[in-house]
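Enquirer: Please see the structure below; I have some questions.
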There are 2 protein chains.
Amino acid sequence: MSNLELSVLEPDATPFCPPLTSAELSEQDAVTMAAMFKALSDPVRLRLFSKIAAHEDGEACVCDIQDVGVSQPTVSHHLKKLREAGLLTGERRGTWVYYRVEPRVVAEMAALLDLNCRAGT
Amino acid sequence: MSNLELSVLEPDATPFCPPLTSAELSEQDAVTMAAMFKALSDPVRLRLFSKIAAHEDGEACVCDIQDVGVSQPTVSHHLKKLREAGLLTGERRGTWVYYRVEPRVVAEMAALLDLNCRAGT
DNA sequence: CGACTGATTCGACAAGCGTCGATGTACTGG
DNA sequence: CCAGTACATCGACGCTTGTCGAATCAGTCG
């Protein structure tokens with residue numbers, strides 16, 4: 001699989017409590033974050049993403065999730081988009097390719113949307 | 001202002017702990033949620049949204065935030081998109097129009113992305 | 001090797017989207 | 001009533017994106 005995806009974060013960047021209510025995004029951050037949201041901005045992609053996240057063991061092969069009403073090349077196209085946005089990782093095992101969600105990037109998006117930031121208290 | 005926006009939620013729908021890791025989205029839910037993500041999928045819109053959320057008192061008039069590198073009509077266009085997605089509300093007060101974020105809808109998106117759902121153990 | 005299945009890539013096309021300048025609407029103040 | 005400011009709408013343009021069928025790549029099993 002491609003090894004030139006969007007490396008949104010350092011491997012072990014600490015999740016930050018994000019700006020939305022505290023400070024406005026920089027132009028660069030806006031570009032980065034917008035790309036992530038864009039990945040989930042299509043119903044078919046969102047369903048694929050959901051199917052993978054909800055699948056047992058947190059992973060699914062393409063054949064498990066390709067029943068979303070579009071052709072198989074289109075499914076592949078959308079999975080590629082999700083991969084490029086950093087939301088999914090794919091791994092080939094024998095005949096099948098298994099996808100799983102990248103929790104760090106998803107957490108990043110969730111954190112940005114956490115309007116009342118402070119979780120405890 | 002328009003009173004025919006996307007009514008994404010019942011007025012007092014209880015925020016639910018969402019599917020992503022528990023169950024896959026229905027086709028209809030996917031369409032609804034994708035529309036919200038789409039609203040934030042453009043860097044300019046994300047910056048506008050950020051500027052409003054970060055502004056004092058949680059509201060801002062267009063003149064406060066329109067310095068994002070695009071023309072004034074384009075700013076207006078993006079604000080409309082955000083309104084139609086339910087993420088912003090706009091209110092005219094005299095000469096100016098003030099926008100504020102709609103916390104419920106944003107919380108909905110954040111909840112969907114909360115992979116480990118269970119917040120307090 | 002050769003046939004078969006799973007998955008990605010390619011090329012093409014229509015629809016959607018972001019952008020602009022020009023124009024229109026809402027409100028204020030002289 | 002008229003000039004000026006704030007914001008929205010309109011119409012047009014080019015680029016992006018979702019979709020497909022066809023072709024290609026990867027891996028398995030006779």
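Labels used: A, B, ... for chains in the order of the structure tokens, numbers from 1 for residues in each chain, and numbers from 1 for ligands as shown.
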Give me, as a list of chain:residue names, the residues of chain D touching chain B, with the criterion being at most 8 Å (counting only C-alpha atoms (C1' of nucleotides)).

Expert: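 The answer, sorted by residue number, is D:DA6, D:DC7, D:DA8.
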
Enquirer: How would the residues just picked look written out with C-alpha atoms (C1' of nucleotides) as a compact mmCIF listing (two decimals), in the first residue's frame?

Expert:
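Contents of the output file selection02.txt:
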# COMPACT_ATOMS: atom_id res chain seq x y z
C1' DA D 6 -23.01 45.89 5.59
C1' DC D 7 -24.38 41.82 3.74
C1' DA D 8 -26.72 38.68 0.36

Enquirer: Report chain B as a PDB file with C-alpha atoms, in the first residue's frame in the frame of chain A, after least-squares superposition over all C-alpha atoms paired in order.

Expert:
ATOM      1  CA  MET B   1       0.048  -0.153   0.001  1.00  0.00           C
ATOM      2  CA  SER B   2       1.108   3.442  -0.393  1.00  0.00           C
ATOM      3  CA  ASN B   3       3.555   4.721   2.173  1.00  0.00           C
ATOM      4  CA  LEU B   4       3.152   8.344   1.243  1.00  0.00           C
ATOM      5  CA  GLU B   5      -0.094   9.198   2.949  1.00  0.00           C
ATOM      6  CA  LEU B   6      -0.904  12.371   4.767  1.00  0.00           C
ATOM      7  CA  SER B   7       1.216  12.296   7.853  1.00  0.00           C
ATOM      8  CA  VAL B   8      -1.103  14.438   9.821  1.00  0.00           C
ATOM      9  CA  LEU B   9       0.561  14.027  13.141  1.00  0.00           C
ATOM     10  CA  GLU B  10       3.890  13.171  14.563  1.00  0.00           C
ATOM     11  CA  PRO B  11       3.985   9.485  15.452  1.00  0.00           C
ATOM     12  CA  ASP B  12       3.399  10.214  19.111  1.00  0.00           C
ATOM     13  CA  ALA B  13       2.113  13.733  19.180  1.00  0.00           C
ATOM     14  CA  THR B  14       0.131  14.331  22.306  1.00  0.00           C
ATOM     15  CA  PRO B  15      -3.517  14.964  21.617  1.00  0.00           C
ATOM     16  CA  PHE B  16      -4.151  18.624  22.274  1.00  0.00           C
ATOM     17  CA  CYS B  17      -7.240  20.305  23.591  1.00  0.00           C
ATOM     18  CA  PRO B  18      -8.085  22.235  20.563  1.00  0.00           C
ATOM     19  CA  PRO B  19      -8.773  25.741  19.500  1.00  0.00           C
ATOM     20  CA  LEU B  20     -12.335  25.954  18.364  1.00  0.00           C
ATOM     21  CA  THR B  21     -13.482  27.841  21.418  1.00  0.00           C
ATOM     22  CA  SER B  22     -10.063  29.012  22.541  1.00  0.00           C
ATOM     23  CA  ALA B  23      -8.166  30.252  19.499  1.00  0.00           C
ATOM     24  CA  GLU B  24      -8.799  30.390  15.781  1.00  0.00           C
ATOM     25  CA  LEU B  25      -7.120  27.914  13.460  1.00  0.00           C
ATOM     26  CA  SER B  26      -4.086  28.960  11.498  1.00  0.00           C
ATOM     27  CA  GLU B  27      -4.449  28.858   7.743  1.00  0.00           C
ATOM     28  CA  GLN B  28      -2.232  25.797   7.597  1.00  0.00           C
ATOM     29  CA  ASP B  29      -4.110  23.937  10.321  1.00  0.00           C
ATOM     30  CA  ALA B  30      -7.352  24.769   8.557  1.00  0.00           C
ATOM     31  CA  VAL B  31      -6.088  23.134   5.380  1.00  0.00           C
ATOM     32  CA  THR B  32      -4.999  20.033   7.250  1.00  0.00           C
ATOM     33  CA  MET B  33      -8.169  19.635   9.255  1.00  0.00           C
ATOM     34  CA  ALA B  34     -10.417  20.437   6.301  1.00  0.00           C
ATOM     35  CA  ALA B  35      -8.819  17.555   4.410  1.00  0.00           C
ATOM     36  CA  MET B  36      -9.823  15.188   7.195  1.00  0.00           C
ATOM     37  CA  PHE B  37     -13.385  16.423   7.274  1.00  0.00           C
ATOM     38  CA  LYS B  38     -13.534  16.202   3.511  1.00  0.00           C
ATOM     39  CA  ALA B  39     -12.726  12.535   3.742  1.00  0.00           C
ATOM     40  CA  LEU B  40     -15.924  11.984   5.703  1.00  0.00           C
ATOM     41  CA  SER B  41     -18.011  14.372   3.632  1.00  0.00           C
ATOM     42  CA  ASP B  42     -19.375  11.728   1.291  1.00  0.00           C
ATOM     43  CA  PRO B  43     -22.167   9.359   2.356  1.00  0.00           C
ATOM     44  CA  VAL B  44     -20.551   6.342   0.746  1.00  0.00           C
ATOM     45  CA  ARG B  45     -17.214   7.024   2.411  1.00  0.00           C
ATOM     46  CA  LEU B  46     -18.880   7.628   5.735  1.00  0.00           C
ATOM     47  CA  ARG B  47     -20.681   4.305   5.483  1.00  0.00           C
ATOM     48  CA  LEU B  48     -17.506   2.468   4.552  1.00  0.00           C
ATOM     49  CA  PHE B  49     -15.754   4.113   7.463  1.00  0.00           C
ATOM     50  CA  SER B  50     -18.620   3.224   9.764  1.00  0.00           C
ATOM     51  CA  LYS B  51     -18.678  -0.373   8.615  1.00  0.00           C
ATOM     52  CA  ILE B  52     -14.990  -0.770   9.339  1.00  0.00           C
ATOM     53  CA  ALA B  53     -15.178   0.909  12.730  1.00  0.00           C
ATOM     54  CA  ALA B  54     -18.158  -1.201  13.725  1.00  0.00           C
ATOM     55  CA  HIS B  55     -16.723  -4.450  12.418  1.00  0.00           C
ATOM     56  CA  GLU B  56     -15.447  -7.020  14.856  1.00  0.00           C
ATOM     57  CA  ASP B  57     -11.826  -6.615  15.904  1.00  0.00           C
ATOM     58  CA  GLY B  58     -11.973  -3.129  14.388  1.00  0.00           C
ATOM     59  CA  GLU B  59     -10.938  -4.349  10.984  1.00  0.00           C
ATOM     60  CA  ALA B  60     -12.645  -5.497   7.827  1.00  0.00           C
ATOM     61  CA  CYS B  61     -11.641  -6.688   4.415  1.00  0.00           C
ATOM     62  CA  VAL B  62     -13.043  -4.968   1.365  1.00  0.00           C
ATOM     63  CA  CYS B  63     -15.326  -7.867   0.582  1.00  0.00           C
ATOM     64  CA  ASP B  64     -16.979  -7.428   3.988  1.00  0.00           C
ATOM     65  CA  ILE B  65     -18.008  -3.854   3.370  1.00  0.00           C
ATOM     66  CA  GLN B  66     -18.377  -3.360  -0.357  1.00  0.00           C
ATOM     67  CA  ASP B  67     -22.138  -3.603  -0.331  1.00  0.00           C
ATOM     68  CA  VAL B  68     -22.870   0.118  -0.299  1.00  0.00           C
ATOM     69  CA  GLY B  69     -24.636   0.521  -3.610  1.00  0.00           C
ATOM     70  CA  VAL B  70     -21.737   1.554  -5.819  1.00  0.00           C
ATOM     71  CA  SER B  71     -19.408  -0.389  -8.070  1.00  0.00           C
ATOM     72  CA  GLN B  72     -16.303  -2.130  -6.790  1.00  0.00           C
ATOM     73  CA  PRO B  73     -13.876   0.354  -8.389  1.00  0.00           C
ATOM     74  CA  THR B  74     -15.753   3.159  -6.707  1.00  0.00           C
ATOM     75  CA  VAL B  75     -15.424   1.457  -3.338  1.00  0.00           C
ATOM     76  CA  SER B  76     -11.710   1.133  -3.943  1.00  0.00           C
ATOM     77  CA  HIS B  77     -11.513   4.789  -4.900  1.00  0.00           C
ATOM     78  CA  HIS B  78     -13.200   5.876  -1.683  1.00  0.00           C
ATOM     79  CA  LEU B  79     -11.039   3.648   0.474  1.00  0.00           C
ATOM     80  CA  LYS B  80      -8.027   5.267  -1.118  1.00  0.00           C
ATOM     81  CA  LYS B  81      -9.338   8.694  -0.243  1.00  0.00           C
ATOM     82  CA  LEU B  82      -9.825   7.654   3.354  1.00  0.00           C
ATOM     83  CA  ARG B  83      -6.325   6.211   3.417  1.00  0.00           C
ATOM     84  CA  GLU B  84      -4.807   9.369   1.969  1.00  0.00           C
ATOM     85  CA  ALA B  85      -6.554  11.442   4.607  1.00  0.00           C
ATOM     86  CA  GLY B  86      -4.973   9.285   7.270  1.00  0.00           C
ATOM     87  CA  LEU B  87      -8.264   7.943   8.579  1.00  0.00           C
ATOM     88  CA  LEU B  88      -7.659   4.350   7.521  1.00  0.00           C
ATOM     89  CA  THR B  89      -4.761   1.991   7.135  1.00  0.00           C
ATOM     90  CA  GLY B  90      -4.811  -0.970   4.791  1.00  0.00           C
ATOM     91  CA  GLU B  91      -2.832  -4.181   4.948  1.00  0.00           C
ATOM     92  CA  ARG B  92      -2.783  -7.073   2.518  1.00  0.00           C
ATOM     93  CA  ARG B  93      -3.007 -10.528   4.015  1.00  0.00           C
ATOM     94  CA  GLY B  94      -3.024 -13.187   1.354  1.00  0.00           C
ATOM     95  CA  THR B  95      -5.809 -12.636  -1.081  1.00  0.00           C
ATOM     96  CA  TRP B  96      -7.552 -10.026   1.015  1.00  0.00           C
ATOM     97  CA  VAL B  97      -6.843  -6.456   2.054  1.00  0.00           C
ATOM     98  CA  TYR B  98      -7.856  -5.511   5.565  1.00  0.00           C
ATOM     99  CA  TYR B  99      -8.651  -1.975   6.635  1.00  0.00           C
ATOM    100  CA  ARG B 100      -8.774  -0.477  10.100  1.00  0.00           C
ATOM    101  CA  VAL B 101      -9.377   3.014  11.403  1.00  0.00           C
ATOM    102  CA  GLU B 102      -6.540   5.192  12.643  1.00  0.00           C
ATOM    103  CA  PRO B 103      -7.709   6.188  16.117  1.00  0.00           C
ATOM    104  CA  ARG B 104      -5.275   9.061  16.552  1.00  0.00           C
ATOM    105  CA  VAL B 105      -6.504  10.999  13.565  1.00  0.00           C
ATOM    106  CA  VAL B 106     -10.135  10.429  14.404  1.00  0.00           C
ATOM    107  CA  ALA B 107      -9.455  11.580  17.952  1.00  0.00           C
ATOM    108  CA  GLU B 108      -7.900  14.721  16.521  1.00  0.00           C
ATOM    109  CA  MET B 109     -11.078  15.548  14.672  1.00  0.00           C
ATOM    110  CA  ALA B 110     -13.247  14.776  17.673  1.00  0.00           C
ATOM    111  CA  ALA B 111     -11.075  16.958  19.881  1.00  0.00           C
ATOM    112  CA  LEU B 112     -11.421  19.879  17.519  1.00  0.00           C
ATOM    113  CA  LEU B 113     -15.183  19.633  17.795  1.00  0.00           C
ATOM    114  CA  ASP B 114     -15.244  19.360  21.559  1.00  0.00           C
ATOM    115  CA  LEU B 115     -16.702  22.765  22.286  1.00  0.00           C
ATOM    116  CA  ASN B 116     -16.516  22.450  26.030  1.00  0.00           C
ATOM    117  CA  CYS B 117     -13.055  21.124  25.865  1.00  0.00           C
ATOM    118  CA  ARG B 118     -12.518  20.610  29.551  1.00  0.00           C
ATOM    119  CA  ALA B 119     -13.694  17.037  29.989  1.00  0.00           C
ATOM    120  CA  GLY B 120     -13.319  16.341  33.689  1.00  0.00           C
ATOM    121  CA  THR B 121     -14.110  19.703  35.235  1.00  0.00           C
TER     122      THR B 121
END

Enquirer: Name the residues of range 2-115 of chain A that fall into helix (DSSP H, G or I) according to DSSP on the backbone, using the chain letters and numbers of this document, as an MDAnalysis selection string.

Expert: chainID A and resid 19:21 27:39 43:54 56:58 62:65 72:84 103:112

Enquirer: Would you write out, as CSV, a table of all residues in chain C that have an atom no more than 12 Å from an atom of chain A, listing for each the closest atom pair and the distance in Å to one decimal, considering only C-alpha atoms (C1' of nucleotides) and ordering rows by chain and rising residue number?

Expert:
residue,atom,partner,partner_atom,distance
C:DC4,C1',A:Thr95,CA,11.9
C:DT5,C1',A:Thr95,CA,8.2
C:DG6,C1',A:Thr95,CA,6.1
C:DA7,C1',A:Ser76,CA,7.4
C:DT8,C1',A:Ser76,CA,6.9
C:DT9,C1',A:Pro73,CA,9.0
C:DC10,C1',A:Pro73,CA,10.9

Enquirer: If you count only C-alpha atoms (C1' of nucleotides), which residues fall within 12 Å of DG11 in chain C, apart from same-chain ones fewer than 4 positions away, as a ChimeraX atom specification?

Expert: /D:20-23

Enquirer: When DSSP is applied to the backbone of this structure, which of range 24-106 of chain B are assigned strand (DSSP E)? Write them out as number ranges by chain.

Expert: B: 59-61, 88-93, 96-101

Enquirer: Residues as selected, N, CA and C atoms, written as a tab-separated table (two decimals), in the first residue's frame, can you do that?

Expert:
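The result, stored in selection-v2.tsv:
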chain	number	residue	atom	x	y	z
B	59	GLU	N	-19.91	34.83	19.51
B	59	GLU	CA	-20.56	35.32	18.31
B	59	GLU	C	-19.68	36.37	17.64
B	60	ALA	N	-19.91	36.53	16.33
B	60	ALA	CA	-19.12	37.49	15.58
B	60	ALA	C	-19.95	37.99	14.42
B	61	CYS	N	-19.75	39.25	14.06
B	61	CYS	CA	-20.41	39.74	12.87
B	61	CYS	C	-19.48	39.52	11.68
B	88	LEU	N	-24.24	26.85	12.00
B	88	LEU	CA	-24.27	28.24	12.43
B	88	LEU	C	-25.70	28.77	12.41
B	89	THR	N	-25.92	29.77	13.23
B	89	THR	CA	-27.15	30.55	13.12
B	89	THR	C	-26.76	32.00	12.94
B	90	GLY	N	-27.56	32.72	12.17
B	90	GLY	CA	-27.26	34.13	11.91
B	90	GLY	C	-28.43	34.99	12.34
B	91	GLU	N	-28.12	36.17	12.84
B	91	GLU	CA	-29.17	37.07	13.31
B	91	GLU	C	-28.77	38.50	12.97
B	92	ARG	N	-29.68	39.21	12.37
B	92	ARG	CA	-29.39	40.61	12.01
B	92	ARG	C	-29.70	41.51	13.19
B	93	ARG	N	-28.75	42.37	13.52
B	93	ARG	CA	-28.98	43.36	14.56
B	93	ARG	C	-28.53	44.70	14.02
B	96	TRP	N	-25.60	45.13	11.22
B	96	TRP	CA	-24.73	43.97	11.17
B	96	TRP	C	-25.48	42.64	11.35
B	97	VAL	N	-24.86	41.59	10.83
B	97	VAL	CA	-25.40	40.25	11.01
B	97	VAL	C	-24.44	39.46	11.87
B	98	TYR	N	-24.93	38.92	12.95
B	98	TYR	CA	-24.09	38.19	13.89
B	98	TYR	C	-24.31	36.69	13.75
B	99	TYR	N	-23.20	35.97	13.73
B	99	TYR	CA	-23.26	34.51	13.63
B	99	TYR	C	-22.77	33.87	14.91
B	100	ARG	N	-23.37	32.74	15.25
B	100	ARG	CA	-22.85	31.94	16.37
B	100	ARG	C	-22.97	30.46	16.02
B	101	VAL	N	-22.17	29.65	16.68
B	101	VAL	CA	-22.19	28.22	16.36
B	101	VAL	C	-23.35	27.55	17.07

Enquirer: Sorted by chain and rising residue number, list the residues of chain C at most 12 Å from range 12-17 of chain D (counting only C-alpha atoms (C1' of nucleotides)), each with its closest atom pair and distance in Å to one decimal, as a tab-separated table.

Expert:
residue	atom	partner	partner_atom	distance
C:DC13	C1'	D:DT17	C1'	11.6
C:DA14	C1'	D:DT17	C1'	10.5
C:DA15	C1'	D:DT17	C1'	8.7
C:DG16	C1'	D:DT17	C1'	7.6
C:DC17	C1'	D:DT16	C1'	7.6
C:DG18	C1'	D:DC15	C1'	8.8
C:DT19	C1'	D:DC13	C1'	8.8
C:DC20	C1'	D:DC13	C1'	8.9
C:DG21	C1'	D:DA12	C1'	9.9
C:DA22	C1'	D:DA12	C1'	11.2

Enquirer: Print the selection's residues with N, CA and C atoms (P, O5', C5', C4', C3', O3' and C1' of nucleotides) to a file, as a short mmCIF file (atom, residue, chain, number, x, y, z; two decimals), in the first residue's frame.

Expert:
data_model
loop_
_atom_site.label_atom_id
_atom_site.label_comp_id
_atom_site.auth_asym_id
_atom_site.auth_seq_id
_atom_site.Cartn_x
_atom_site.Cartn_y
_atom_site.Cartn_z
P DC C 13 -15.58 11.17 -23.06
"O5'" DC C 13 -16.79 11.54 -22.12
"C5'" DC C 13 -17.70 10.51 -21.69
"C4'" DC C 13 -18.41 10.96 -20.44
"C3'" DC C 13 -18.86 12.42 -20.48
"O3'" DC C 13 -20.27 12.47 -20.37
"C1'" DC C 13 -17.83 11.87 -18.41
P DA C 14 -21.03 13.87 -20.68
"O5'" DA C 14 -21.86 14.12 -19.33
"C5'" DA C 14 -22.58 13.03 -18.75
"C4'" DA C 14 -22.86 13.32 -17.29
"C3'" DA C 14 -23.53 14.67 -17.03
"O3'" DA C 14 -24.54 14.48 -16.07
"C1'" DA C 14 -21.46 14.56 -15.87
P DA C 15 -25.53 15.69 -15.70
"O5'" DA C 15 -25.11 16.02 -14.19
"C5'" DA C 15 -24.88 14.93 -13.29
"C4'" DA C 15 -24.19 15.45 -12.04
"C3'" DA C 15 -24.78 16.75 -11.50
"O3'" DA C 15 -24.98 16.59 -10.11
"C1'" DA C 15 -22.44 16.98 -11.82
P DG C 16 -25.63 17.75 -9.21
"O5'" DG C 16 -24.36 18.26 -8.38
"C5'" DG C 16 -23.52 17.31 -7.74
"C4'" DG C 16 -22.31 18.01 -7.15
"C3'" DG C 16 -22.65 19.29 -6.38
"O3'" DG C 16 -21.99 19.23 -5.12
"C1'" DG C 16 -20.99 19.73 -8.03
P DC C 17 -22.15 20.40 -4.05
"O5'" DC C 17 -20.81 21.24 -4.29
"C5'" DC C 17 -19.57 20.55 -4.32
"C4'" DC C 17 -18.45 21.56 -4.45
"C3'" DC C 17 -18.70 22.84 -3.64
"O3'" DC C 17 -17.50 23.17 -2.97
"C1'" DC C 17 -18.29 23.36 -5.92
P DG C 18 -17.48 24.32 -1.85
"O5'" DG C 18 -16.45 25.36 -2.46
"C5'" DG C 18 -15.14 24.92 -2.76
"C4'" DG C 18 -14.39 26.02 -3.48
"C3'" DG C 18 -14.46 27.38 -2.78
"O3'" DG C 18 -13.17 28.00 -2.84
"C1'" DG C 18 -15.36 27.55 -4.97
P DT C 19 -12.87 29.38 -2.09
"O5'" DT C 19 -13.07 30.44 -3.25
"C5'" DT C 19 -12.14 30.50 -4.32
"C4'" DT C 19 -12.65 31.36 -5.45
"C3'" DT C 19 -13.13 32.74 -5.05
"O3'" DT C 19 -12.05 33.65 -5.02
"C1'" DT C 19 -14.47 31.75 -6.80
P DC C 20 -12.24 35.15 -4.52
"O5'" DC C 20 -12.85 35.91 -5.78
"C5'" DC C 20 -12.12 35.90 -7.00
"C4'" DC C 20 -13.00 36.40 -8.12
"C3'" DC C 20 -13.60 37.77 -7.86
"O3'" DC C 20 -12.85 38.76 -8.54
"C1'" DC C 20 -15.24 36.23 -8.73
P DG C 21 -13.10 40.31 -8.12
"O5'" DG C 21 -14.27 40.73 -9.12
"C5'" DG C 21 -14.07 40.67 -10.52
"C4'" DG C 21 -15.33 41.08 -11.25
"C3'" DG C 21 -15.84 42.49 -10.93
"O3'" DG C 21 -16.41 43.05 -12.12
"C1'" DG C 21 -17.47 40.91 -10.27
P DA C 22 -17.02 44.55 -12.09
"O5'" DA C 22 -18.60 44.28 -12.03
"C5'" DA C 22 -19.18 43.41 -13.00
"C4'" DA C 22 -20.67 43.28 -12.74
"C3'" DA C 22 -21.38 44.59 -12.39
"O3'" DA C 22 -22.62 44.64 -13.09
"C1'" DA C 22 -21.76 42.99 -10.70
#
